[in-house]
file final.pdb (PDB, C-alpha atoms)
ATOM      1  CA  MET A   1      12.767  98.684  18.884  1.00  0.00           C
ATOM      2  CA  ALA A   2      15.546  96.169  18.452  1.00  0.00           C
ATOM      3  CA  GLU A   3      15.883  94.341  15.180  1.00  0.00           C
ATOM      4  CA  ARG A   4      14.143  90.991  15.200  1.00  0.00           C
ATOM      5  CA  LYS A   5      16.674  88.233  14.822  1.00  0.00           C
ATOM      6  CA  THR A   6      16.146  84.964  13.033  1.00  0.00           C
ATOM      7  CA  LEU A   7      17.709  81.806  14.425  1.00  0.00           C
ATOM      8  CA  THR A   8      17.594  78.263  13.137  1.00  0.00           C
ATOM      9  CA  PHE A   9      18.063  75.105  15.169  1.00  0.00           C
ATOM     10  CA  ALA A  10      18.523  71.592  13.858  1.00  0.00           C
ATOM     11  CA  LEU A  11      17.486  68.874  16.308  1.00  0.00           C
ATOM     12  CA  MET A  12      18.018  65.146  15.963  1.00  0.00           C
ATOM     13  CA  ASP A  13      17.230  63.492  19.277  1.00  0.00           C
ATOM     14  CA  ALA A  14      14.012  61.610  19.940  1.00  0.00           C
ATOM     15  CA  PRO A  15      12.003  62.680  22.993  1.00  0.00           C
ATOM     16  CA  TYR A  16      12.845  61.317  26.445  1.00  0.00           C
ATOM     17  CA  GLU A  17      16.302  60.094  25.453  1.00  0.00           C
ATOM     18  CA  SER A  18      18.806  62.878  25.943  1.00  0.00           C
ATOM     19  CA  ALA A  19      19.444  66.020  27.952  1.00  0.00           C
ATOM     20  CA  ARG A  20      20.185  67.641  24.590  1.00  0.00           C
ATOM     21  CA  THR A  21      16.439  67.850  23.984  1.00  0.00           C
ATOM     22  CA  THR A  22      15.917  69.720  27.251  1.00  0.00           C
ATOM     23  CA  THR A  23      18.695  72.160  26.421  1.00  0.00           C
ATOM     24  CA  ALA A  24      17.416  72.637  22.875  1.00  0.00           C
ATOM     25  CA  LEU A  25      13.906  73.412  24.094  1.00  0.00           C
ATOM     26  CA  ARG A  26      15.325  75.805  26.697  1.00  0.00           C
ATOM     27  CA  LEU A  27      17.251  77.639  23.961  1.00  0.00           C
ATOM     28  CA  ILE A  28      14.178  77.880  21.755  1.00  0.00           C
ATOM     29  CA  ASP A  29      12.174  79.130  24.728  1.00  0.00           C
ATOM     30  CA  ILE A  30      14.649  81.956  25.356  1.00  0.00           C
ATOM     31  CA  ALA A  31      14.597  82.957  21.699  1.00  0.00           C
ATOM     32  CA  VAL A  32      10.806  83.002  21.342  1.00  0.00           C
ATOM     33  CA  ARG A  33      10.442  85.000  24.560  1.00  0.00           C
ATOM     34  CA  ARG A  34      12.561  87.655  22.878  1.00  0.00           C
ATOM     35  CA  GLY A  35      10.191  87.741  19.919  1.00  0.00           C
ATOM     36  CA  TYR A  36      12.748  86.270  17.544  1.00  0.00           C
ATOM     37  CA  ALA A  37      11.818  84.385  14.430  1.00  0.00           C
ATOM     38  CA  VAL A  38      12.846  80.828  15.206  1.00  0.00           C
ATOM     39  CA  ASN A  39      13.129  77.980  12.761  1.00  0.00           C
ATOM     40  CA  VAL A  40      13.428  74.388  13.850  1.00  0.00           C
ATOM     41  CA  PHE A  41      14.355  71.599  11.514  1.00  0.00           C
ATOM     42  CA  ALA A  42      13.588  68.308  13.221  1.00  0.00           C
ATOM     43  CA  TYR A  43      15.566  65.429  11.803  1.00  0.00           C
ATOM     44  CA  GLU A  44      15.682  61.725  12.617  1.00  0.00           C
ATOM     45  CA  GLY A  45      14.075  60.954  16.007  1.00  0.00           C
ATOM     46  CA  ALA A  46      13.361  64.612  16.726  1.00  0.00           C
ATOM     47  CA  VAL A  47      10.341  64.418  14.402  1.00  0.00           C
ATOM     48  CA  LEU A  48       8.594  62.678  17.294  1.00  0.00           C
ATOM     49  CA  LEU A  49       8.853  65.724  19.551  1.00  0.00           C
ATOM     50  CA  PRO A  50       5.560  67.186  18.212  1.00  0.00           C
ATOM     51  CA  PHE A  51       3.872  63.783  17.640  1.00  0.00           C
ATOM     52  CA  SER A  52       0.219  64.402  18.409  1.00  0.00           C
ATOM     53  CA  ARG A  53      -0.561  60.914  19.744  1.00  0.00           C
ATOM     54  CA  GLN A  54       1.697  61.258  22.760  1.00  0.00           C
ATOM     55  CA  GLN A  55      -0.330  60.421  25.851  1.00  0.00           C
ATOM     56  CA  PRO A  56       0.210  61.061  29.554  1.00  0.00           C
ATOM     57  CA  HIS A  57       0.313  57.948  31.690  1.00  0.00           C
ATOM     58  CA  PRO A  58       0.098  56.847  35.303  1.00  0.00           C
ATOM     59  CA  ASN A  59       3.130  55.419  37.082  1.00  0.00           C
ATOM     60  CA  ALA A  60       2.185  52.236  38.869  1.00  0.00           C
ATOM     61  CA  VAL A  61       5.707  51.743  40.242  1.00  0.00           C
ATOM     62  CA  HIS A  62       5.443  54.996  42.143  1.00  0.00           C
ATOM     63  CA  GLY A  63       1.730  54.599  42.879  1.00  0.00           C
ATOM     64  CA  ARG A  64       0.740  57.724  40.977  1.00  0.00           C
ATOM     65  CA  ASP A  65      -2.289  58.225  38.754  1.00  0.00           C
ATOM     66  CA  VAL A  66      -2.177  60.246  35.539  1.00  0.00           C
ATOM     67  CA  GLU A  67      -2.738  63.587  37.243  1.00  0.00           C
ATOM     68  CA  GLN A  68      -0.211  62.935  39.984  1.00  0.00           C
ATOM     69  CA  GLU A  69       2.384  61.768  37.492  1.00  0.00           C
ATOM     70  CA  ASN A  70       1.851  64.954  35.462  1.00  0.00           C
ATOM     71  CA  HIS A  71       4.004  63.528  32.696  1.00  0.00           C
ATOM     72  CA  LEU A  72       5.600  66.113  30.445  1.00  0.00           C
ATOM     73  CA  LEU A  73       4.653  65.676  26.810  1.00  0.00           C
ATOM     74  CA  THR A  74       6.976  67.262  24.288  1.00  0.00           C
ATOM     75  CA  LYS A  75       4.079  67.917  21.895  1.00  0.00           C
ATOM     76  CA  GLU A  76       2.672  70.248  24.560  1.00  0.00           C
ATOM     77  CA  VAL A  77       6.034  71.948  24.959  1.00  0.00           C
ATOM     78  CA  VAL A  78       6.191  72.591  21.207  1.00  0.00           C
ATOM     79  CA  THR A  79       2.607  73.875  21.246  1.00  0.00           C
ATOM     80  CA  ALA A  80       3.467  76.226  24.112  1.00  0.00           C
ATOM     81  CA  LEU A  81       6.591  77.473  22.337  1.00  0.00           C
ATOM     82  CA  VAL A  82       4.607  78.272  19.187  1.00  0.00           C
ATOM     83  CA  ALA A  83       2.077  80.201  21.292  1.00  0.00           C
ATOM     84  CA  GLU A  84       4.827  82.010  23.196  1.00  0.00           C
ATOM     85  CA  ALA A  85       6.461  83.073  19.942  1.00  0.00           C
ATOM     86  CA  ALA A  86       3.189  84.518  18.668  1.00  0.00           C
ATOM     87  CA  ARG A  87       2.532  86.255  21.984  1.00  0.00           C
ATOM     88  CA  ASN A  88       5.859  88.054  21.694  1.00  0.00           C
ATOM     89  CA  GLY A  89       5.445  89.079  18.078  1.00  0.00           C
ATOM     90  CA  GLY A  90       7.714  86.387  16.718  1.00  0.00           C
ATOM     91  CA  VAL A  91       7.172  83.073  15.059  1.00  0.00           C
ATOM     92  CA  LEU A  92       8.249  79.486  15.515  1.00  0.00           C
ATOM     93  CA  ASP A  93       8.359  77.604  12.233  1.00  0.00           C
ATOM     94  CA  TRP A  94       8.801  73.910  13.006  1.00  0.00           C
ATOM     95  CA  VAL A  95       9.586  71.647  10.052  1.00  0.00           C
ATOM     96  CA  ASN A  96       9.702  67.885  10.376  1.00  0.00           C
ATOM     97  CA  CYS A  97      11.887  65.968   7.940  1.00  0.00           C
ATOM     98  CA  GLY A  98       9.358  64.096   5.789  1.00  0.00           C
ATOM     99  CA  LEU A  99      11.418  60.970   5.184  1.00  0.00           C
ATOM    100  CA  CYS A 100      12.213  60.714   8.901  1.00  0.00           C
ATOM    101  CA  VAL A 101       8.485  61.040   9.623  1.00  0.00           C
ATOM    102  CA  ASP A 102       7.578  58.286   7.172  1.00  0.00           C
ATOM    103  CA  GLU A 103      10.226  55.918   8.512  1.00  0.00           C
ATOM    104  CA  ARG A 104       8.853  56.351  12.019  1.00  0.00           C
ATOM    105  CA  GLY A 105       5.127  56.525  11.248  1.00  0.00           C
ATOM    106  CA  ALA A 106       5.145  59.928  12.901  1.00  0.00           C
ATOM    107  CA  GLY A 107       2.892  61.730  10.439  1.00  0.00           C
ATOM    108  CA  GLU A 108       0.348  62.783  13.046  1.00  0.00           C
ATOM    109  CA  ALA A 109       2.008  65.933  14.292  1.00  0.00           C
ATOM    110  CA  ILE A 110       0.385  68.871  16.050  1.00  0.00           C
ATOM    111  CA  ASP A 111      -1.183  71.434  13.727  1.00  0.00           C
ATOM    112  CA  SER A 112       1.582  74.018  13.800  1.00  0.00           C
ATOM    113  CA  VAL A 113       4.172  71.599  12.411  1.00  0.00           C
ATOM    114  CA  ARG A 114       4.800  71.289   8.711  1.00  0.00           C
ATOM    115  CA  ARG A 115       6.524  68.652   6.636  1.00  0.00           C
ATOM    116  CA  GLY A 116       9.698  69.404   4.743  1.00  0.00           C
ATOM    117  CA  SER A 117      13.084  68.160   3.657  1.00  0.00           C
ATOM    118  CA  PRO A 118      16.746  68.956   4.300  1.00  0.00           C
ATOM    119  CA  ALA A 119      16.386  71.535   1.530  1.00  0.00           C
ATOM    120  CA  ASP A 120      14.143  73.475   3.916  1.00  0.00           C
ATOM    121  CA  PHE A 121      16.891  73.393   6.490  1.00  0.00           C
ATOM    122  CA  TRP A 122      19.276  74.897   3.955  1.00  0.00           C
ATOM    123  CA  LYS A 123      16.751  77.641   3.125  1.00  0.00           C
ATOM    124  CA  MET A 124      16.185  78.344   6.813  1.00  0.00           C
ATOM    125  CA  ALA A 125      19.904  78.599   7.484  1.00  0.00           C
ATOM    126  CA  GLU A 126      20.388  80.862   4.478  1.00  0.00           C
ATOM    127  CA  ALA A 127      17.696  83.235   5.739  1.00  0.00           C
ATOM    128  CA  SER A 128      18.871  83.250   9.379  1.00  0.00           C
ATOM    129  CA  ASP A 129      21.246  85.368  11.398  1.00  0.00           C
ATOM    130  CA  ASN A 130      22.665  82.156  12.786  1.00  0.00           C
ATOM    131  CA  THR A 131      22.171  78.392  12.937  1.00  0.00           C
ATOM    132  CA  LEU A 132      22.937  75.861  15.626  1.00  0.00           C
ATOM    133  CA  VAL A 133      23.060  72.168  14.829  1.00  0.00           C
ATOM    134  CA  ILE A 134      22.569  69.957  17.882  1.00  0.00           C
ATOM    135  CA  GLY A 135      23.660  66.554  16.690  1.00  0.00           C
ATOM    136  CA  THR A 136      23.165  63.251  18.439  1.00  0.00           C
ATOM    137  CA  ARG A 137      26.872  62.356  18.276  1.00  0.00           C
TER     138      ARG A 137
ATOM    139  CA  MET B   1      38.819  88.660  14.427  1.00  0.00           C
ATOM    140  CA  ALA B   2      35.901  86.276  14.530  1.00  0.00           C
ATOM    141  CA  SER B   3      33.769  85.309  17.500  1.00  0.00           C
ATOM    142  CA  TYR B   4      33.429  81.623  18.298  1.00  0.00           C
ATOM    143  CA  LEU B   5      31.065  79.852  20.656  1.00  0.00           C
ATOM    144  CA  LEU B   6      32.032  76.283  21.452  1.00  0.00           C
ATOM    145  CA  ILE B   7      29.281  74.509  23.381  1.00  0.00           C
ATOM    146  CA  GLU B   8      30.544  71.488  25.305  1.00  0.00           C
ATOM    147  CA  SER B   9      27.822  69.143  26.535  1.00  0.00           C
ATOM    148  CA  ARG B  10      30.001  66.138  27.283  1.00  0.00           C
ATOM    149  CA  ASP B  11      31.847  65.017  30.346  1.00  0.00           C
ATOM    150  CA  PRO B  12      35.561  64.361  29.665  1.00  0.00           C
ATOM    151  CA  PHE B  13      35.420  61.413  32.036  1.00  0.00           C
ATOM    152  CA  GLU B  14      33.139  59.574  29.596  1.00  0.00           C
ATOM    153  CA  SER B  15      34.025  61.217  26.256  1.00  0.00           C
ATOM    154  CA  ALA B  16      37.691  61.355  25.402  1.00  0.00           C
ATOM    155  CA  ASP B  17      37.065  63.749  22.524  1.00  0.00           C
ATOM    156  CA  VAL B  18      36.244  66.621  24.877  1.00  0.00           C
ATOM    157  CA  GLY B  19      39.931  67.481  24.651  1.00  0.00           C
ATOM    158  CA  PHE B  20      39.333  68.287  20.997  1.00  0.00           C
ATOM    159  CA  SER B  21      37.001  71.157  21.924  1.00  0.00           C
ATOM    160  CA  GLN B  22      39.485  72.508  24.417  1.00  0.00           C
ATOM    161  CA  ASP B  23      42.360  72.312  21.924  1.00  0.00           C
ATOM    162  CA  LEU B  24      40.218  73.986  19.290  1.00  0.00           C
ATOM    163  CA  ALA B  25      39.317  76.758  21.725  1.00  0.00           C
ATOM    164  CA  ARG B  26      42.955  77.325  22.624  1.00  0.00           C
ATOM    165  CA  ARG B  27      44.073  77.420  18.980  1.00  0.00           C
ATOM    166  CA  LEU B  28      41.288  79.778  17.945  1.00  0.00           C
ATOM    167  CA  ALA B  29      42.167  82.117  20.799  1.00  0.00           C
ATOM    168  CA  ALA B  30      45.869  81.926  19.921  1.00  0.00           C
ATOM    169  CA  ALA B  31      44.957  82.981  16.394  1.00  0.00           C
ATOM    170  CA  GLY B  32      43.447  86.160  17.801  1.00  0.00           C
ATOM    171  CA  ASN B  33      39.795  85.191  17.821  1.00  0.00           C
ATOM    172  CA  GLU B  34      37.242  85.851  20.529  1.00  0.00           C
ATOM    173  CA  VAL B  35      36.402  82.433  21.965  1.00  0.00           C
ATOM    174  CA  THR B  36      33.839  81.314  24.502  1.00  0.00           C
ATOM    175  CA  LEU B  37      33.682  77.746  25.777  1.00  0.00           C
ATOM    176  CA  PHE B  38      30.178  77.214  27.163  1.00  0.00           C
ATOM    177  CA  LEU B  39      29.727  74.134  29.346  1.00  0.00           C
ATOM    178  CA  VAL B  40      26.260  72.592  29.553  1.00  0.00           C
ATOM    179  CA  GLN B  41      24.655  69.326  30.732  1.00  0.00           C
ATOM    180  CA  ASN B  42      27.378  66.865  31.796  1.00  0.00           C
ATOM    181  CA  GLY B  43      29.888  69.239  30.272  1.00  0.00           C
ATOM    182  CA  VAL B  44      29.846  71.134  33.581  1.00  0.00           C
ATOM    183  CA  MET B  45      31.132  68.128  35.564  1.00  0.00           C
ATOM    184  CA  PRO B  46      34.838  68.967  35.230  1.00  0.00           C
ATOM    185  CA  ALA B  47      34.103  72.574  36.223  1.00  0.00           C
ATOM    186  CA  ARG B  48      33.650  71.694  39.875  1.00  0.00           C
ATOM    187  CA  ALA B  49      36.482  72.590  42.189  1.00  0.00           C
ATOM    188  CA  GLY B  50      38.803  69.671  42.773  1.00  0.00           C
ATOM    189  CA  ALA B  51      37.938  67.800  39.589  1.00  0.00           C
ATOM    190  CA  VAL B  52      40.923  66.229  37.904  1.00  0.00           C
ATOM    191  CA  ALA B  53      41.810  66.721  34.241  1.00  0.00           C
ATOM    192  CA  PRO B  54      40.432  70.029  33.092  1.00  0.00           C
ATOM    193  CA  LYS B  55      42.707  72.540  31.412  1.00  0.00           C
ATOM    194  CA  PHE B  56      40.454  75.445  32.269  1.00  0.00           C
ATOM    195  CA  GLY B  57      43.157  77.527  33.930  1.00  0.00           C
ATOM    196  CA  GLU B  58      45.385  77.142  30.894  1.00  0.00           C
ATOM    197  CA  LEU B  59      42.515  77.978  28.552  1.00  0.00           C
ATOM    198  CA  ALA B  60      41.549  81.056  30.549  1.00  0.00           C
ATOM    199  CA  GLN B  61      45.150  82.256  30.418  1.00  0.00           C
ATOM    200  CA  ALA B  62      45.065  81.767  26.654  1.00  0.00           C
ATOM    201  CA  GLY B  63      42.139  84.174  26.510  1.00  0.00           C
ATOM    202  CA  VAL B  64      39.250  81.721  26.316  1.00  0.00           C
ATOM    203  CA  GLU B  65      36.131  82.767  28.215  1.00  0.00           C
ATOM    204  CA  ILE B  66      34.808  79.701  30.058  1.00  0.00           C
ATOM    205  CA  LEU B  67      31.211  79.703  31.214  1.00  0.00           C
ATOM    206  CA  ALA B  68      29.072  77.005  32.827  1.00  0.00           C
ATOM    207  CA  ASP B  69      25.293  76.828  32.455  1.00  0.00           C
ATOM    208  CA  ASP B  70      23.843  77.702  35.861  1.00  0.00           C
ATOM    209  CA  PHE B  71      20.880  75.341  35.413  1.00  0.00           C
ATOM    210  CA  SER B  72      23.194  72.400  34.639  1.00  0.00           C
ATOM    211  CA  LEU B  73      25.254  73.279  37.696  1.00  0.00           C
ATOM    212  CA  ARG B  74      22.161  73.330  39.928  1.00  0.00           C
ATOM    213  CA  GLU B  75      20.931  70.028  38.494  1.00  0.00           C
ATOM    214  CA  ARG B  76      24.212  68.418  39.531  1.00  0.00           C
ATOM    215  CA  GLY B  77      24.523  70.087  42.910  1.00  0.00           C
ATOM    216  CA  ILE B  78      27.581  72.098  41.905  1.00  0.00           C
ATOM    217  CA  ARG B  79      27.680  75.408  43.719  1.00  0.00           C
ATOM    218  CA  PRO B  80      28.670  78.462  41.678  1.00  0.00           C
ATOM    219  CA  ASP B  81      31.221  79.413  44.317  1.00  0.00           C
ATOM    220  CA  ARG B  82      32.883  76.000  44.017  1.00  0.00           C
ATOM    221  CA  LEU B  83      34.096  76.138  40.432  1.00  0.00           C
ATOM    222  CA  GLN B  84      37.513  75.680  38.897  1.00  0.00           C
ATOM    223  CA  PRO B  85      39.558  78.866  38.519  1.00  0.00           C
ATOM    224  CA  GLY B  86      38.695  80.512  35.247  1.00  0.00           C
ATOM    225  CA  VAL B  87      35.137  79.153  35.085  1.00  0.00           C
ATOM    226  CA  LYS B  88      32.142  81.402  35.696  1.00  0.00           C
ATOM    227  CA  PRO B  89      28.459  80.488  35.955  1.00  0.00           C
ATOM    228  CA  SER B  90      26.180  81.856  33.258  1.00  0.00           C
ATOM    229  CA  ALA B  91      22.570  81.757  32.185  1.00  0.00           C
ATOM    230  CA  LEU B  92      21.803  79.869  28.985  1.00  0.00           C
ATOM    231  CA  ASP B  93      20.628  83.194  27.576  1.00  0.00           C
ATOM    232  CA  LEU B  94      24.235  83.898  26.722  1.00  0.00           C
ATOM    233  CA  VAL B  95      24.100  81.266  23.976  1.00  0.00           C
ATOM    234  CA  ILE B  96      21.173  83.062  22.359  1.00  0.00           C
ATOM    235  CA  ASP B  97      22.978  86.399  22.796  1.00  0.00           C
ATOM    236  CA  ARG B  98      26.010  85.065  20.975  1.00  0.00           C
ATOM    237  CA  LEU B  99      23.990  83.356  18.243  1.00  0.00           C
ATOM    238  CA  ALA B 100      22.041  86.562  17.657  1.00  0.00           C
ATOM    239  CA  GLY B 101      25.341  88.415  17.539  1.00  0.00           C
ATOM    240  CA  GLY B 102      26.608  86.189  14.752  1.00  0.00           C
ATOM    241  CA  ALA B 103      29.155  84.066  16.616  1.00  0.00           C
ATOM    242  CA  LYS B 104      30.289  80.929  14.849  1.00  0.00           C
ATOM    243  CA  ALA B 105      28.770  78.222  17.021  1.00  0.00           C
ATOM    244  CA  ILE B 106      29.676  74.557  17.351  1.00  0.00           C
ATOM    245  CA  TRP B 107      27.795  72.091  19.539  1.00  0.00           C
ATOM    246  CA  HIS B 108      29.728  69.133  20.877  1.00  0.00           C
TER     247      HIS B 108
END
call {"tool": "encode", "arguments": {"input": "final.pdb", "output": "structure tokens"}}
result
Amino acid sequence: MAERKTLTFALMDAPYESARTTTALRLIDIAVRRGYAVNVFAYEGAVLLPFSRQQPHPNAVHGRDVEQENHLLTKEVVTALVAEAARNGGVLDWVNCGLCVDERGAGEAIDSVRRGSPADFWKMAEASDNTLVIGTR
Amino acid sequence: MASYLLIESRDPFESADVGFSQDLARRLAAAGNEVTLFLVQNGVMPARAGAVAPKFGELAQAGVEILADDFSLRERGIRPDRLQPGVKPSALDLVIDRLAGGAKAIWH
């Protein structure tokens, strides 16, 4: 059996604003499907990715109801990634920057997310095989 | 010799600093390092055949491996058989491969 790798990602973009979020979630998806241990440190607007009060909505402009719109919620993506990691014998440890959460009133995160600080990011990076920082600029 | 993974997500037609990544890739390769330039998102735009400005041929000759995310190419309607010389399509999995292998990675 191959050695289980540990990777850390730092994300900064808020949901629905940048293609970087899509790419980041794709990368995490690949890693958890391999059964890797994956750490995510969500900083700045990225703390809203697992915000539990996200709601699907209809799209009146396009004449679609909620089901037809089938709006993607990033909290559900994060939930699915955590489950996928567990299914493959790995783990996804998602840490939201506490100060960023407070600034944005984003404390209501899904259950699998924990609160931390940039010091947690440093610890994650120290304990990882590699780290990728996906900055906003 | 170190292994470097430079991930370019920006389009040089809107971000003038894309040239920085390309220069860095060329210099790292010239110093004897293993260098991959991975294009993703709008970073694949200059990879299409006929696009003006890219230095991909020069970079490839310098020993830089240039790959373009196949999903980003499909999103933008760029066919994999219509890429600049020196650029090859690749799955995003390669980024995870390289990270797991310990490459020094920079996102731009």
call {"tool": "closest_residue", "arguments": {"input": "final.pdb", "among": "B:Ala25, B:Phe71, B:Ser15, B:Gln41", "to": "chain A", "atoms": "all atoms listed in the file"}}
result
B:Gln41
call {"tool": "resolve_selection", "arguments": {"input": "final.pdb", "expression": "the ChimeraX specification (/A :<7) & /B", "output": "PyMOL selection string"}}
result
chain B and resi 41+93+96+99-100+102+105+107
call {"tool": "resolve_selection", "arguments": {"input": "final.pdb", "expression": "the PyMOL selection byres ((chain B and resi 8) around 10)", "output": "MDAnalysis selection string"}}
result
chainID B and resid 5:7 9:12 18 21:22 37:44 68 106:108
call {"tool": "atom_distance", "arguments": {"input": "final.pdb", "atom1": "atom CA of Ile110 of chain A", "atom2": "atom CA of Val47 of chain A"}}
result
11.0 Å
call {"tool": "closest_residue", "arguments": {"input": "final.pdb", "among": "B:Ala30, B:Val95, B:Ala16, B:Ala103", "to": "Ala62 of chain B", "atoms": "only C-alpha atoms"}}
result
B:Ala30
call {"tool": "residues_near_point", "arguments": {"input": "final.pdb", "point": "(19.0, 72.0, 5.7)", "cutoff": "12 Å", "atoms": "all atoms listed in the file", "output": "list in words"}}
result
Thr8, Phe9, Ala10, Leu11, Asn39, Val40, Phe41, Ala42, Tyr43, Val95, Asn96, Cys97, Gly116, Ser117, Pro118, Ala119, Asp120, Phe121, Trp122, Lys123, Met124, Ala125, Glu126, Ala127, Ser128, Thr131, Leu132 and Val133 of chain A
call {"tool": "closest_residue", "arguments": {"input": "final.pdb", "among": "B:Val52, B:Ala60, B:Ala47, B:Ala2", "to": "Arg26 of chain B", "atoms": "all atoms listed in the file"}}
result
B:Ala60
call {"tool": "atom_distance", "arguments": {"input": "final.pdb", "atom1": "atom CA of Leu99 of chain A", "atom2": "atom CA of Ser52 of chain A"}}
result
17.7 Å
call {"tool": "atom_distance", "arguments": {"input": "final.pdb", "atom1": "atom CA of Met45 of chain B", "atom2": "atom CA of Gly77 of chain B"}}
result
10.1 Å
call {"tool": "resolve_selection", "arguments": {"input": "final.pdb", "expression": "the PyMOL selection byres ((chain A and resi 89) around 10)", "output": "list in words"}}
result
Arg4, Val32, Arg33, Arg34, Gly35, Tyr36, Ala37, Glu84, Ala85, Ala86, Arg87, Asn88, Gly90 and Val91 of chain A
call {"tool": "write_last_selection", "arguments": {"input": "final.pdb", "atoms": "C-alpha atoms", "output": "PDB file, in the frame of the given file"}}
result
ATOM      1  CA  ARG A   4      14.143  90.991  15.200  1.00  0.00           C
ATOM      2  CA  VAL A  32      10.806  83.002  21.342  1.00  0.00           C
ATOM      3  CA  ARG A  33      10.442  85.000  24.560  1.00  0.00           C
ATOM      4  CA  ARG A  34      12.561  87.655  22.878  1.00  0.00           C
ATOM      5  CA  GLY A  35      10.191  87.741  19.919  1.00  0.00           C
ATOM      6  CA  TYR A  36      12.748  86.270  17.544  1.00  0.00           C
ATOM      7  CA  ALA A  37      11.818  84.385  14.430  1.00  0.00           C
ATOM      8  CA  GLU A  84       4.827  82.010  23.196  1.00  0.00           C
ATOM      9  CA  ALA A  85       6.461  83.073  19.942  1.00  0.00           C
ATOM     10  CA  ALA A  86       3.189  84.518  18.668  1.00  0.00           C
ATOM     11  CA  ARG A  87       2.532  86.255  21.984  1.00  0.00           C
ATOM     12  CA  ASN A  88       5.859  88.054  21.694  1.00  0.00           C
ATOM     13  CA  GLY A  90       7.714  86.387  16.718  1.00  0.00           C
ATOM     14  CA  VAL A  91       7.172  83.073  15.059  1.00  0.00           C
TER      15      VAL A  91
END
call {"tool": "closest_residue", "arguments": {"input": "final.pdb", "among": "A:Gly45, A:Gly63, A:Gly107, A:Gly98", "to": "Ala14 of chain A", "atoms": "all atoms listed in the file"}}
result
A:Gly45
call {"tool": "closest_residue", "arguments": {"input": "final.pdb", "among": "A:Thr74, A:Gln68, A:Ser112, A:Thr21", "to": "Arg53 of chain A", "atoms": "only C-alpha atoms"}}
result
A:Thr74
call {"tool": "residues_around", "arguments": {"input": "final.pdb", "residues": "Arg48 of chain B", "least_positions_apart": "2", "cutoff": "6 Å", "atoms": "all atoms listed in the file", "output": "ChimeraX atom specification"}}
result
/B:46,51,83-84
call {"tool": "write_last_selection", "arguments": {"input": "final.pdb", "atoms": "C-alpha atoms", "output": "PDB file, in the coordinates of the input"}}
result
ATOM      1  CA  PRO B  46      34.838  68.967  35.230  1.00  0.00           C
ATOM      2  CA  ALA B  51      37.938  67.800  39.589  1.00  0.00           C
ATOM      3  CA  LEU B  83      34.096  76.138  40.432  1.00  0.00           C
ATOM      4  CA  GLN B  84      37.513  75.680  38.897  1.00  0.00           C
TER       5      GLN B  84
END
call {"tool": "axis_aligned_box", "arguments": {"input": "final.pdb", "around": "segment 63-78 of chain B", "padding_each_side": "3 Å", "output": "JSON"}}
result
{"center_x": 31.5, "center_y": 76.3, "center_z": 34.6, "size_x": 27.3, "size_y": 21.8, "size_z": 22.6}
call {"tool": "build_atoms", "arguments": {"input": "final.pdb", "residues": "segment 51-63 of chain B", "atoms": "N, CA and C atoms", "output": "JSON list (two decimals), in the coordinates of the input"}}
result
[["chain", "number", "residue", "atom", "x", "y", "z"],
["B", 51, "ALA", "N", 38.00, 68.81, 40.64],
["B", 51, "ALA", "CA", 37.94, 67.80, 39.59],
["B", 51, "ALA", "C", 39.30, 67.69, 38.90],
["B", 52, "VAL", "N", 39.65, 66.46, 38.56],
["B", 52, "VAL", "CA", 40.92, 66.23, 37.90],
["B", 52, "VAL", "C", 40.73, 66.35, 36.40],
["B", 53, "ALA", "N", 41.76, 66.77, 35.71],
["B", 53, "ALA", "CA", 41.81, 66.72, 34.24],
["B", 53, "ALA", "C", 41.55, 68.02, 33.49],
["B", 54, "PRO", "N", 40.73, 68.91, 33.97],
["B", 54, "PRO", "CA", 40.43, 70.03, 33.09],
["B", 54, "PRO", "C", 41.63, 70.94, 32.88],
["B", 55, "LYS", "N", 41.64, 71.59, 31.73],
["B", 55, "LYS", "CA", 42.71, 72.54, 31.41],
["B", 55, "LYS", "C", 42.15, 73.96, 31.47],
["B", 56, "PHE", "N", 41.15, 74.17, 32.31],
["B", 56, "PHE", "CA", 40.45, 75.44, 32.27],
["B", 56, "PHE", "C", 41.36, 76.62, 32.60],
["B", 57, "GLY", "N", 42.25, 76.44, 33.58],
["B", 57, "GLY", "CA", 43.16, 77.53, 33.93],
["B", 57, "GLY", "C", 44.02, 77.92, 32.75],
["B", 58, "GLU", "N", 44.54, 76.91, 32.08],
["B", 58, "GLU", "CA", 45.38, 77.14, 30.89],
["B", 58, "GLU", "C", 44.59, 77.84, 29.79],
["B", 59, "LEU", "N", 43.37, 77.37, 29.60],
["B", 59, "LEU", "CA", 42.52, 77.98, 28.55],
["B", 59, "LEU", "C", 42.20, 79.43, 28.88],
["B", 60, "ALA", "N", 41.88, 79.68, 30.15],
["B", 60, "ALA", "CA", 41.55, 81.06, 30.55],
["B", 60, "ALA", "C", 42.75, 81.97, 30.33],
["B", 61, "GLN", "N", 43.94, 81.46, 30.64],
["B", 61, "GLN", "CA", 45.15, 82.26, 30.42],
["B", 61, "GLN", "C", 45.38, 82.52, 28.94],
["B", 62, "ALA", "N", 44.92, 81.60, 28.10],
["B", 62, "ALA", "CA", 45.06, 81.77, 26.65],
["B", 62, "ALA", "C", 44.03, 82.74, 26.10],
["B", 63, "GLY", "N", 43.12, 83.19, 26.96],
["B", 63, "GLY", "CA", 42.14, 84.17, 26.51],
["B", 63, "GLY", "C", 40.77, 83.62, 26.22]]
